[in-house]
$ cat protein35.tsv   # TSV, C-alpha atoms
chain	number	residue	atom	x	y	z
A	1	MET	CA	87.37	127.03	128.54
A	2	LEU	CA	84.13	126.09	130.28
A	3	ALA	CA	80.78	126.64	128.56
A	4	ILE	CA	79.86	129.43	130.96
A	5	GLU	CA	83.15	131.18	130.21
A	6	ILE	CA	82.51	130.86	126.47
A	7	GLU	CA	79.06	132.44	126.82
A	8	GLU	CA	80.39	135.21	129.04
A	9	HIS	CA	83.24	136.00	126.66
A	10	ALA	CA	80.87	136.00	123.68
A	11	ARG	CA	78.43	138.34	125.43
A	12	LYS	CA	81.17	140.79	126.37
A	13	LEU	CA	82.60	140.83	122.85
A	14	MET	CA	79.14	141.44	121.36
A	15	GLU	CA	78.54	144.31	123.78
A	16	VAL	CA	81.81	145.99	122.86
A	17	GLN	CA	82.12	145.24	119.14
A	18	GLY	CA	78.58	144.47	118.04
A	19	PRO	CA	77.97	142.13	115.09
A	20	LYS	CA	81.51	142.55	113.75
A	21	ALA	CA	82.68	140.51	116.76
A	22	ILE	CA	81.42	137.37	114.99
A	23	ALA	CA	83.69	138.01	112.02
A	24	GLU	CA	86.60	138.73	114.34
A	25	ALA	CA	86.08	135.42	116.19
A	26	ALA	CA	85.95	133.55	112.87
A	27	HIS	CA	89.17	135.25	111.78
A	28	LYS	CA	90.93	134.33	115.03
A	29	ALA	CA	89.76	130.72	114.70
A	30	ARG	CA	91.02	130.54	111.12
A	31	THR	CA	94.39	132.03	112.13
A	32	PHE	CA	94.81	129.47	114.91
A	33	GLU	CA	93.83	126.66	112.53
A	34	GLU	CA	96.48	127.78	110.05
A	35	GLN	CA	99.05	127.76	112.86
A	36	GLY	CA	98.03	124.25	113.91
A	37	ALA	CA	96.72	125.44	117.30
A	38	GLU	CA	93.60	123.31	117.22
A	39	GLU	CA	92.57	123.84	120.85
A	40	GLN	CA	92.59	127.64	120.54
A	41	ALA	CA	90.83	127.41	117.17
A	42	ALA	CA	88.10	125.25	118.69
A	43	THR	CA	87.63	127.74	121.53
A	44	TRP	CA	87.17	130.61	119.07
A	45	ARG	CA	84.72	128.54	117.00
A	46	ARG	CA	82.71	127.96	120.19
A	47	ILE	CA	82.80	131.70	120.96
A	48	GLU	CA	81.68	132.43	117.39
A	49	ALA	CA	78.75	130.00	117.73
A	50	ALA	CA	77.75	131.53	121.07
A	51	MET	CA	77.70	135.01	119.52
A	52	LYS	CA	75.50	133.76	116.69
A	53	ARG	CA	73.08	132.39	119.28
A	54	LEU	CA	73.10	135.74	121.11
A	55	GLN	CA	72.28	137.48	117.84
A	56	GLY	CA	69.02	135.56	117.66
A	57	PRO	CA	67.03	134.23	114.71
A	58	ARG	CA	67.33	135.95	111.38
A	59	ALA	CA	64.28	136.88	109.31
A	60	LYS	CA	64.08	135.33	105.85
$ encode --input "protein35.tsv" --output "structure tokens"
Amino acid sequence: MLAIEIEEHARKLMEVQGPKAIAEAAHKARTFEEQGAEEQAATWRRIEAAMKRLQGPRAK
């Protein structure tokens, strides 16, 4: 998946699911890793990272 597609997918998921979309992406990545599907796992990790960026900085 291209970087622009990752960002687009992340934005859409955040719009629909809100912050819980990050947890869902992490869960999907973990599931793919357990199945040995490294490419799909890497894609979901990239989507997860993009959603964290969209969320913005967190106050300490």
$ residues_around --input "protein35.tsv" --residues "A:Glu5" --least-positions-apart "4" --cutoff "12 Å" --atoms "all atoms listed in the file" --output "list in words"
Met1, His9, Ala10, Arg11, Lys12, Thr43, Trp44, Arg46, Ile47 and Ala50 of chain A
$ residues_around --input "protein35.tsv" --residues "A:Ala25" --least-positions-apart "4" --cutoff "9 Å" --atoms "all atoms listed in the file" --output "CSV table (one decimal) with C-alpha atoms, keeping the file's coordinate frame"
chain,number,residue,atom,x,y,z
A,20,LYS,CA,81.5,142.6,113.8
A,21,ALA,CA,82.7,140.5,116.8
A,29,ALA,CA,89.8,130.7,114.7
A,30,ARG,CA,91.0,130.5,111.1
A,44,TRP,CA,87.2,130.6,119.1
A,45,ARG,CA,84.7,128.5,117.0
A,47,ILE,CA,82.8,131.7,121.0
A,48,GLU,CA,81.7,132.4,117.4
$ atom_distance --input "protein35.tsv" --atom1 "atom CA of A:Phe32" --atom2 "atom CA of A:Glu8"
21.0 Å
$ atom_distance --input "protein35.tsv" --atom1 "atom CA of A:Ala26" --atom2 "atom CA of A:Lys52"
11.1 Å
$ atom_distance --input "protein35.tsv" --atom1 "atom CA of A:Gly18" --atom2 "atom CA of A:Leu54"
10.8 Å
$ build_atoms --input "protein35.tsv" --residues "stretch 36-47 of chain A" --atoms "all heavy atoms" --output "PDB file, keeping the file's coordinate frame"
ATOM      1  N   GLY A  36      98.059 125.587 113.337  1.00  0.00           N
ATOM      2  CA  GLY A  36      98.030 124.250 113.910  1.00  0.00           C
ATOM      3  C   GLY A  36      97.640 124.230 115.380  1.00  0.00           C
ATOM      4  O   GLY A  36      97.775 123.212 116.050  1.00  0.00           O
ATOM      5  N   ALA A  37      97.143 125.349 115.896  1.00  0.00           N
ATOM      6  CA  ALA A  37      96.720 125.440 117.300  1.00  0.00           C
ATOM      7  C   ALA A  37      95.235 125.078 117.381  1.00  0.00           C
ATOM      8  O   ALA A  37      94.367 125.945 117.484  1.00  0.00           O
ATOM      9  CB  ALA A  37      96.978 126.855 117.822  1.00  0.00           C
ATOM     10  N   GLU A  38      94.977 123.789 117.308  1.00  0.00           N
ATOM     11  CA  GLU A  38      93.600 123.310 117.220  1.00  0.00           C
ATOM     12  C   GLU A  38      92.752 123.636 118.451  1.00  0.00           C
ATOM     13  O   GLU A  38      91.564 123.927 118.325  1.00  0.00           O
ATOM     14  CB  GLU A  38      93.583 121.800 116.952  1.00  0.00           C
ATOM     15  CG  GLU A  38      94.183 121.428 115.612  1.00  0.00           C
ATOM     16  CD  GLU A  38      93.458 122.079 114.431  1.00  0.00           C
ATOM     17  OE1 GLU A  38      92.220 122.164 114.452  1.00  0.00           O
ATOM     18  OE2 GLU A  38      94.144 122.507 113.496  1.00  0.00           O
ATOM     19  N   GLU A  39      93.333 123.568 119.626  1.00  0.00           N
ATOM     20  CA  GLU A  39      92.570 123.840 120.850  1.00  0.00           C
ATOM     21  C   GLU A  39      92.083 125.295 120.884  1.00  0.00           C
ATOM     22  O   GLU A  39      90.921 125.567 121.175  1.00  0.00           O
ATOM     23  CB  GLU A  39      93.403 123.531 122.082  1.00  0.00           C
ATOM     24  CG  GLU A  39      92.600 123.586 123.368  1.00  0.00           C
ATOM     25  CD  GLU A  39      93.410 123.131 124.571  1.00  0.00           C
ATOM     26  OE1 GLU A  39      94.290 122.267 124.404  1.00  0.00           O
ATOM     27  OE2 GLU A  39      93.142 123.633 125.668  1.00  0.00           O
ATOM     28  N   GLN A  40      92.975 126.225 120.562  1.00  0.00           N
ATOM     29  CA  GLN A  40      92.590 127.640 120.540  1.00  0.00           C
ATOM     30  C   GLN A  40      91.580 127.900 119.427  1.00  0.00           C
ATOM     31  O   GLN A  40      90.629 128.664 119.603  1.00  0.00           O
ATOM     32  CB  GLN A  40      93.815 128.550 120.349  1.00  0.00           C
ATOM     33  CG  GLN A  40      94.716 128.588 121.540  1.00  0.00           C
ATOM     34  CD  GLN A  40      95.813 127.522 121.467  1.00  0.00           C
ATOM     35  OE1 GLN A  40      95.723 126.552 120.736  1.00  0.00           O
ATOM     36  NE2 GLN A  40      96.857 127.715 122.253  1.00  0.00           N
ATOM     37  N   ALA A  41      91.769 127.251 118.280  1.00  0.00           N
ATOM     38  CA  ALA A  41      90.830 127.410 117.170  1.00  0.00           C
ATOM     39  C   ALA A  41      89.439 126.924 117.580  1.00  0.00           C
ATOM     40  O   ALA A  41      88.436 127.590 117.299  1.00  0.00           O
ATOM     41  CB  ALA A  41      91.321 126.644 115.945  1.00  0.00           C
ATOM     42  N   ALA A  42      89.382 125.789 118.251  1.00  0.00           N
ATOM     43  CA  ALA A  42      88.100 125.250 118.690  1.00  0.00           C
ATOM     44  C   ALA A  42      87.415 126.186 119.685  1.00  0.00           C
ATOM     45  O   ALA A  42      86.199 126.385 119.633  1.00  0.00           O
ATOM     46  CB  ALA A  42      88.295 123.871 119.315  1.00  0.00           C
ATOM     47  N   THR A  43      88.197 126.790 120.571  1.00  0.00           N
ATOM     48  CA  THR A  43      87.630 127.740 121.530  1.00  0.00           C
ATOM     49  C   THR A  43      87.013 128.922 120.800  1.00  0.00           C
ATOM     50  O   THR A  43      85.889 129.336 121.113  1.00  0.00           O
ATOM     51  CB  THR A  43      88.727 128.229 122.511  1.00  0.00           C
ATOM     52  OG1 THR A  43      89.198 127.115 123.260  1.00  0.00           O
ATOM     53  CG2 THR A  43      88.189 129.296 123.452  1.00  0.00           C
ATOM     54  N   TRP A  44      87.714 129.462 119.807  1.00  0.00           N
ATOM     55  CA  TRP A  44      87.170 130.610 119.070  1.00  0.00           C
ATOM     56  C   TRP A  44      85.968 130.223 118.228  1.00  0.00           C
ATOM     57  O   TRP A  44      85.049 131.023 118.047  1.00  0.00           O
ATOM     58  CB  TRP A  44      88.269 131.287 118.244  1.00  0.00           C
ATOM     59  CG  TRP A  44      89.071 132.183 119.123  1.00  0.00           C
ATOM     60  CD1 TRP A  44      90.303 131.947 119.640  1.00  0.00           C
ATOM     61  CD2 TRP A  44      88.656 133.442 119.655  1.00  0.00           C
ATOM     62  NE1 TRP A  44      90.685 132.987 120.460  1.00  0.00           N
ATOM     63  CE2 TRP A  44      89.688 133.926 120.477  1.00  0.00           C
ATOM     64  CE3 TRP A  44      87.511 134.222 119.509  1.00  0.00           C
ATOM     65  CZ2 TRP A  44      89.604 135.137 121.151  1.00  0.00           C
ATOM     66  CZ3 TRP A  44      87.437 135.431 120.176  1.00  0.00           C
ATOM     67  CH2 TRP A  44      88.468 135.879 120.987  1.00  0.00           C
ATOM     68  N   ARG A  45      85.921 129.003 117.733  1.00  0.00           N
ATOM     69  CA  ARG A  45      84.720 128.540 117.000  1.00  0.00           C
ATOM     70  C   ARG A  45      83.532 128.457 117.961  1.00  0.00           C
ATOM     71  O   ARG A  45      82.397 128.786 117.591  1.00  0.00           O
ATOM     72  CB  ARG A  45      84.973 127.170 116.358  1.00  0.00           C
ATOM     73  CG  ARG A  45      85.942 127.200 115.209  1.00  0.00           C
ATOM     74  CD  ARG A  45      85.374 127.914 114.005  1.00  0.00           C
ATOM     75  NE  ARG A  45      86.371 127.937 112.931  1.00  0.00           N
ATOM     76  CZ  ARG A  45      86.368 128.795 111.943  1.00  0.00           C
ATOM     77  NH1 ARG A  45      85.437 129.724 111.865  1.00  0.00           N
ATOM     78  NH2 ARG A  45      87.299 128.759 111.025  1.00  0.00           N
ATOM     79  N   ARG A  46      83.780 128.026 119.195  1.00  0.00           N
ATOM     80  CA  ARG A  46      82.710 127.960 120.190  1.00  0.00           C
ATOM     81  C   ARG A  46      82.228 129.364 120.554  1.00  0.00           C
ATOM     82  O   ARG A  46      81.033 129.598 120.722  1.00  0.00           O
ATOM     83  CB  ARG A  46      83.178 127.208 121.436  1.00  0.00           C
ATOM     84  CG  ARG A  46      83.388 125.719 121.179  1.00  0.00           C
ATOM     85  CD  ARG A  46      83.962 125.000 122.370  1.00  0.00           C
ATOM     86  NE  ARG A  46      83.047 125.039 123.496  1.00  0.00           N
ATOM     87  CZ  ARG A  46      83.410 124.807 124.754  1.00  0.00           C
ATOM     88  NH1 ARG A  46      84.671 124.500 125.039  1.00  0.00           N
ATOM     89  NH2 ARG A  46      82.534 124.863 125.727  1.00  0.00           N
ATOM     90  N   ILE A  47      83.165 130.309 120.672  1.00  0.00           N
ATOM     91  CA  ILE A  47      82.800 131.700 120.960  1.00  0.00           C
ATOM     92  C   ILE A  47      81.985 132.261 119.798  1.00  0.00           C
ATOM     93  O   ILE A  47      80.956 132.927 120.012  1.00  0.00           O
ATOM     94  CB  ILE A  47      84.055 132.555 121.240  1.00  0.00           C
ATOM     95  CG1 ILE A  47      84.701 132.124 122.557  1.00  0.00           C
ATOM     96  CG2 ILE A  47      83.710 134.041 121.257  1.00  0.00           C
ATOM     97  CD1 ILE A  47      86.073 132.716 122.807  1.00  0.00           C
TER      98      ILE A  47
END
